[in-house]
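Asks: Below you will find the structure I want to go over with you.
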Amino acid sequence: MRVALKAGVWLVCLSPLAKLFYGFWTDDLTANPISYVTNELGQTTLRLLLLSLALTPLRILFGWGWQMPLRRLLGLFAFFYVCLHLSVWVVLDHFFDWREMGADIVKRPYITVGMLAFTLLVPLTATSTTGMIKRLGAARWRRLHRLVYAAAVAGCLHFIWLAKKVRPDPWVYAAILALLLGIRVWDSARRFARRRDHLLGSSAMDSTARLLVFLVLLLTGCAGVTPRAPGPPDAAAPTRHVLPNGVVVISQEHRASDIVAVQLWLRVGGRDEAPAELGLSHYLEHMLFKGTPTRPPGSIDTEIEGLGGNSNAFTSYDFTHYDLVVPLSGLRAAAALLADIAVNAAFVPAELESEKKVVFEEMNLTEDDPERFLQRRLTEAAYPAHPYGRPLLGTREFVKNLTRETLNAYYKKHYVPANMVLVVVGAVTPAQARDVAAETFGRLTGPAPVRPAVGPPTRRGAPQDVRRSERQAYLGIAWHAAPTGNTDIYAVDLLTYILGDGPSSRLNQVLREQRGLVQTIDASYIPRQLSGLVSVTARLDAKNFDAAEAAVREIVRRVRDEGVTSAERERAITTAESSYAFDIETVEGLAKAYGQAETTWTLQDEVHYLERVRRVSAEQIRAAARTYFGDDNYVRVRFLPEGAR
């Protein structure tokens, strides 16, 4: 759907240009084609710019979120058309007469503000890539991109002065812009008032204290200094409450829009499966939305759509989670739905059988994608005698022979209240969230959870060479690293960014830019509950296998011996802040952060993640490299093209 939506945006945005080409082809560009083309390109720029500015107000007013990923695309198309608009003026109006154009810019106000609008859009376009967002950091990037409002104001003034008062359409654009800006100002005032009321609500505060707090808030709002990256949105911290039956309820008020994320997390995943149960955690993820005794097959999807929401689910080695995002009015219905599927899944035989084809196709997709399959083989090699090394999807033979009885027995054993975490984040108070949780999940009953005792991994597997049909070779290297709950995770996180996140990282600079040994190379860190895993993966020519592996070891050895620079540490912290800010930008993302923290480490650790990352020193990063990244404690997997030696 996202691909189709973006394709539709491309078609809509390119249609004005197609219209002009058609007019040129049919000689139908009016009696004054230069003026007509200039006007059409300028108006298209304004329309796209205003449309991109309207997406956030739509989220504020109606709680919609599906349109937000389109902002940058619409903004880039607006810049594309303003470049064409300017090109017509430069080439056709003045034919590169720079002196005359300079005089026009100085003497004619409408051209002056038009050039100002174009100039303001240039840095916004240049920084509209994911890489630039990471380099600038989320807070600085947002501050810079507020210039788009100034550019829109200048664009409207340009059109008004150009057209004088003869035509109404420039004023229509100005009115639309004023409305959009008014919505943003109203929302900012509303959030400011909410924060002020939160601070001033205590009856113990006298009038002097209230005045002082108000002045502090006012000065803070006017100050130019902004924290480098936000923590969780809104001033309030998340609350944690345990129902009498053991269900943990985590909630946080988040008023960016009138929607709410309602997520069910289970402390059960691939690591809890016995050898004869491989893939059951993942198969349950597929089956729970297929129906209960009171919700027949197909009705759950219809119910979610009727609420105006969407659903998702995910299985890990440490947890399984089910995700609903709905308007505020659908909060109780969403919680009731999750409570129902949590203990009353029907596992209709026909649905059970049809879903096997879906799982088989998921297996095919994993095996056909060399990068995804490389990660899987790396994980298997890193944990050869541990549950983390088993395939989450199970095996084809096991899934083929899976029965309802086997699946239901696993479900009844692990899907019990004391294994459940309900996370509610959105336009709802903690008290409202607790009331809804008590009404829905508070009624559930079940035995005490039985989680198999699993220790940390004790050994690694042997190197693996895998023949593949692709013509490109792939290299994967992985080290065991700090698990969640270990204070080393912050240093390992930063070290991973320094080694292989983005073009400026050490691995990219040395292996790709300087030595040309790889086409792509990245480092990633997955801090699971029992053992973290840092992996370095690269796409390269098979002839460079040995040189690339030796270069990775050399870079890691230099970090162990010499440490990292202060500039690298600062850049890694900025990247961590930016990544975290984008992860928790939505109610869904924030709820996921809290749910994963509760099921794999602690909620408090998650809340304090950024401040602890910022305190990590360069020496601590070096110590982490010495602890986990040795020359002889890694595993290696290579994908060799057919015919390669």
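Residue numbering restarts at 1 in every chain; chains get A, B, ... in the order shown in the structure tokens, and ligands count up from 1 in that same order.
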For segment 354-366 of chain A, list every protein, DNA or RNA residue within 8 Å, evaluated using only C-alpha atoms, and leave out those in the same chain fewer than 4 positions away; present the list as a list in words.
Replies: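 The residues satisfying every condition are Tyr283, His286, Met287, Ala350, Pro370, Arg372, Phe373, Leu393, Arg396, Val399 and Lys400 of chain A.
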Asks: Can you list, as a PyMOL selection string, every protein, DNA or RNA residue that comes within 9 Å of Leu162 of chain A when you count only C-alpha atoms, leaving out same-chain residues fewer than 4 positions away?
Replies: chain A and resi 109-111+157-158
Asks: Would you export the selected residues with N, CA and C atoms as a CSV table (one decimal), in the first residue's frame, please?
Replies:
```csv
chain,number,residue,atom,x,y,z
A,109,PRO,N,10.2,44.0,-6.3
A,109,PRO,CA,10.0,43.3,-5.0
A,109,PRO,C,9.5,41.9,-5.2
A,110,TYR,N,8.6,41.7,-6.2
A,110,TYR,CA,8.1,40.3,-6.4
A,110,TYR,C,9.2,39.3,-6.8
A,111,ILE,N,10.2,39.8,-7.5
A,111,ILE,CA,11.3,38.9,-7.9
A,111,ILE,C,12.2,38.8,-6.7
A,157,LEU,N,3.7,35.8,-1.2
A,157,LEU,CA,3.9,37.2,-1.5
A,157,LEU,C,4.4,37.4,-2.9
A,158,HIS,N,5.3,36.6,-3.4
A,158,HIS,CA,5.8,36.7,-4.8
A,158,HIS,C,4.6,36.6,-5.7
```
Asks: To one decimal place, how far is atom CA of Gly102 of chain A from atom CA of His85 of chain A in Å?
Replies: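 A separation of 16.9 Å between them.
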Asks: I'd like to know which of A:Ser257, A:Gln67, A:Thr239, A:Asn245 is closest to Thr586 of chain A, using only C-alpha atoms.
Replies: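 Selected residue with least distance to Thr586 of chain A: A:Ser257.
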Asks: Taking the chain letters and numbering used in this document, name the residues of segment 482-636 of chain A that DSSP puts in strand (DSSP E), as an NGL selection string.
Replies: :A and (518-527 or 532-540 or 634-636)
Asks: Can you tell me, as a PyMOL selection string, which residues in segment 308-442 of chain A count as alpha helix (DSSP H) by DSSP?
Replies: chain A and resi 331-344+349-368+370-382+396-400+404-414+430-440
Asks: Looking at A:Arg142, A:Arg460, A:Arg569, A:Arg184, which one is nearest to Thr56 of chain A, with distances taken over only C-alpha atoms?
Replies: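 Residue with the minimum atom-to-atom distance to Thr56 of chain A: A:Arg184.
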Asks: I want to know what sits within 10 Å of segment 613-617 of chain A, based on only C-alpha atoms, with residues of the same chain fewer than 6 positions away left out; could you give that as a count of residues only?
Replies: 17
Asks: Tell me which protein, DNA and RNA residues are within 10 Å of Ser52 of chain A, counting only C-alpha atoms, leaving out same-chain ones fewer than 3 positions away, and put them as a list in words.
Replies: Leu46, Arg47, Leu48, Leu49, Leu55, Thr56, Gln67, Met68, Leu70, Arg71, Arg72, Leu73, Leu74, Gly75, Leu76, Phe77, Ala78 and Val148 of chain A
Asks: Just the residues within 9 Å of Arg377 of chain A, please, counting only C-alpha atoms, with nothing from its chain fewer than 3 positions along; format it as an MDAnalysis selection string.
Replies: chainID A and resid 372:374 380:382 389 464 476 637
Asks: Separation of atom CA of Glu439 of chain A and atom CA of Leu422 of chain A, in Å?
Replies: 12.6 Å
Asks: If you count only C-alpha atoms, which residues fall within 10 Å of Phe159 of chain A, apart from same-chain ones fewer than 3 positions away, as a ChimeraX atom specification?
Replies: /A:39,42-43,46,110-111,113-114,154-156,162-164,169-171,173-174
Asks: Hey, can you spit out that residue selection with N, CA, C and O atoms as an mmCIF file, in the first residue's frame?
Replies:
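Okay, again_28.cif is ready:
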```
data_model
loop_
_atom_site.group_PDB
_atom_site.id
_atom_site.type_symbol
_atom_site.label_atom_id
_atom_site.label_comp_id
_atom_site.auth_asym_id
_atom_site.auth_seq_id
_atom_site.Cartn_x
_atom_site.Cartn_y
_atom_site.Cartn_z
ATOM 1 N N ASN A 39 3.763 30.720 -15.296
ATOM 2 C CA ASN A 39 2.661 30.747 -14.331
ATOM 3 C C ASN A 39 2.292 29.329 -13.868
ATOM 4 O O ASN A 39 2.086 29.083 -12.666
ATOM 5 N N GLY A 42 4.989 27.958 -11.524
ATOM 6 C CA GLY A 42 4.957 28.620 -10.230
ATOM 7 C C GLY A 42 3.780 28.175 -9.383
ATOM 8 O O GLY A 42 3.926 27.906 -8.177
ATOM 9 N N GLN A 43 2.604 28.073 -9.990
ATOM 10 C CA GLN A 43 1.429 27.640 -9.230
ATOM 11 C C GLN A 43 1.567 26.184 -8.783
ATOM 12 O O GLN A 43 1.140 25.823 -7.676
ATOM 13 N N LEU A 46 3.634 26.165 -5.648
ATOM 14 C CA LEU A 46 2.873 26.580 -4.468
ATOM 15 C C LEU A 46 1.903 25.493 -4.013
ATOM 16 O O LEU A 46 1.753 25.233 -2.813
ATOM 17 N N TYR A 110 8.627 41.667 -6.201
ATOM 18 C CA TYR A 110 8.098 40.314 -6.355
ATOM 19 C C TYR A 110 9.199 39.331 -6.772
ATOM 20 O O TYR A 110 9.176 38.155 -6.390
ATOM 21 N N ILE A 111 10.186 39.813 -7.529
ATOM 22 C CA ILE A 111 11.309 38.947 -7.883
ATOM 23 C C ILE A 111 12.231 38.764 -6.680
ATOM 24 O O ILE A 111 12.762 37.671 -6.442
ATOM 25 N N VAL A 113 11.438 38.674 -3.421
ATOM 26 C CA VAL A 113 10.905 37.675 -2.480
ATOM 27 C C VAL A 113 10.837 36.296 -3.130
ATOM 28 O O VAL A 113 10.945 35.272 -2.453
ATOM 29 N N GLY A 114 10.654 36.271 -4.452
ATOM 30 C CA GLY A 114 10.679 34.977 -5.140
ATOM 31 C C GLY A 114 12.040 34.308 -5.038
ATOM 32 O O GLY A 114 12.140 33.094 -4.785
ATOM 33 N N ALA A 154 7.041 33.636 1.568
ATOM 34 C CA ALA A 154 7.683 34.396 0.493
ATOM 35 C C ALA A 154 7.097 34.021 -0.862
ATOM 36 O O ALA A 154 6.906 34.884 -1.733
ATOM 37 N N GLY A 155 6.790 32.741 -1.062
ATOM 38 C CA GLY A 155 6.196 32.312 -2.325
ATOM 39 C C GLY A 155 4.831 32.933 -2.557
ATOM 40 O O GLY A 155 4.505 33.365 -3.675
ATOM 41 N N CYS A 156 4.002 32.977 -1.503
ATOM 42 C CA CYS A 156 2.683 33.611 -1.639
ATOM 43 C C CYS A 156 2.807 35.108 -1.915
ATOM 44 O O CYS A 156 2.078 35.669 -2.757
ATOM 45 N N LEU A 162 3.189 39.785 -7.959
ATOM 46 C CA LEU A 162 3.271 39.567 -9.400
ATOM 47 C C LEU A 162 1.915 39.809 -10.057
ATOM 48 O O LEU A 162 1.818 40.451 -11.101
ATOM 49 N N ALA A 163 0.846 39.292 -9.405
ATOM 50 C CA ALA A 163 -0.480 39.368 -10.008
ATOM 51 C C ALA A 163 -1.224 40.645 -9.671
ATOM 52 O O ALA A 163 -2.323 40.879 -10.181
ATOM 53 N N LYS A 164 -0.662 41.453 -8.773
ATOM 54 C CA LYS A 164 -1.332 42.657 -8.259
ATOM 55 C C LYS A 164 -2.645 42.229 -7.597
ATOM 56 O O LYS A 164 -2.671 41.343 -6.776
ATOM 57 N N ASP A 169 -6.724 33.976 -7.252
ATOM 58 C CA ASP A 169 -6.026 32.761 -6.832
ATOM 59 C C ASP A 169 -4.808 33.007 -5.936
ATOM 60 O O ASP A 169 -4.553 32.195 -5.029
ATOM 61 N N PRO A 170 -4.009 34.081 -6.090
ATOM 62 C CA PRO A 170 -2.914 34.283 -5.127
ATOM 63 C C PRO A 170 -3.419 34.422 -3.698
ATOM 64 O O PRO A 170 -2.787 33.946 -2.747
ATOM 65 N N TRP A 171 -4.589 35.075 -3.549
ATOM 66 C CA TRP A 171 -5.136 35.261 -2.206
ATOM 67 C C TRP A 171 -5.710 33.952 -1.655
ATOM 68 O O TRP A 171 -5.740 33.753 -0.435
ATOM 69 N N TYR A 173 -4.287 31.006 -2.190
ATOM 70 C CA TYR A 173 -3.103 30.320 -1.648
ATOM 71 C C TYR A 173 -2.692 30.927 -0.308
ATOM 72 O O TYR A 173 -2.343 30.204 0.634
ATOM 73 N N ALA A 174 -2.743 32.265 -0.220
ATOM 74 C CA ALA A 174 -2.360 32.927 1.031
ATOM 75 C C ALA A 174 -3.315 32.552 2.164
ATOM 76 O O ALA A 174 -2.890 32.336 3.310
#
```
Asks: Taking only C-alpha atoms into account, name the residue in A:Val249, A:Ala18, A:Ala175, A:Leu280 that is nearest to Thr315 of chain A.
Replies: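 That would be A:Leu280, the residue with the smallest distance to Thr315 of chain A.
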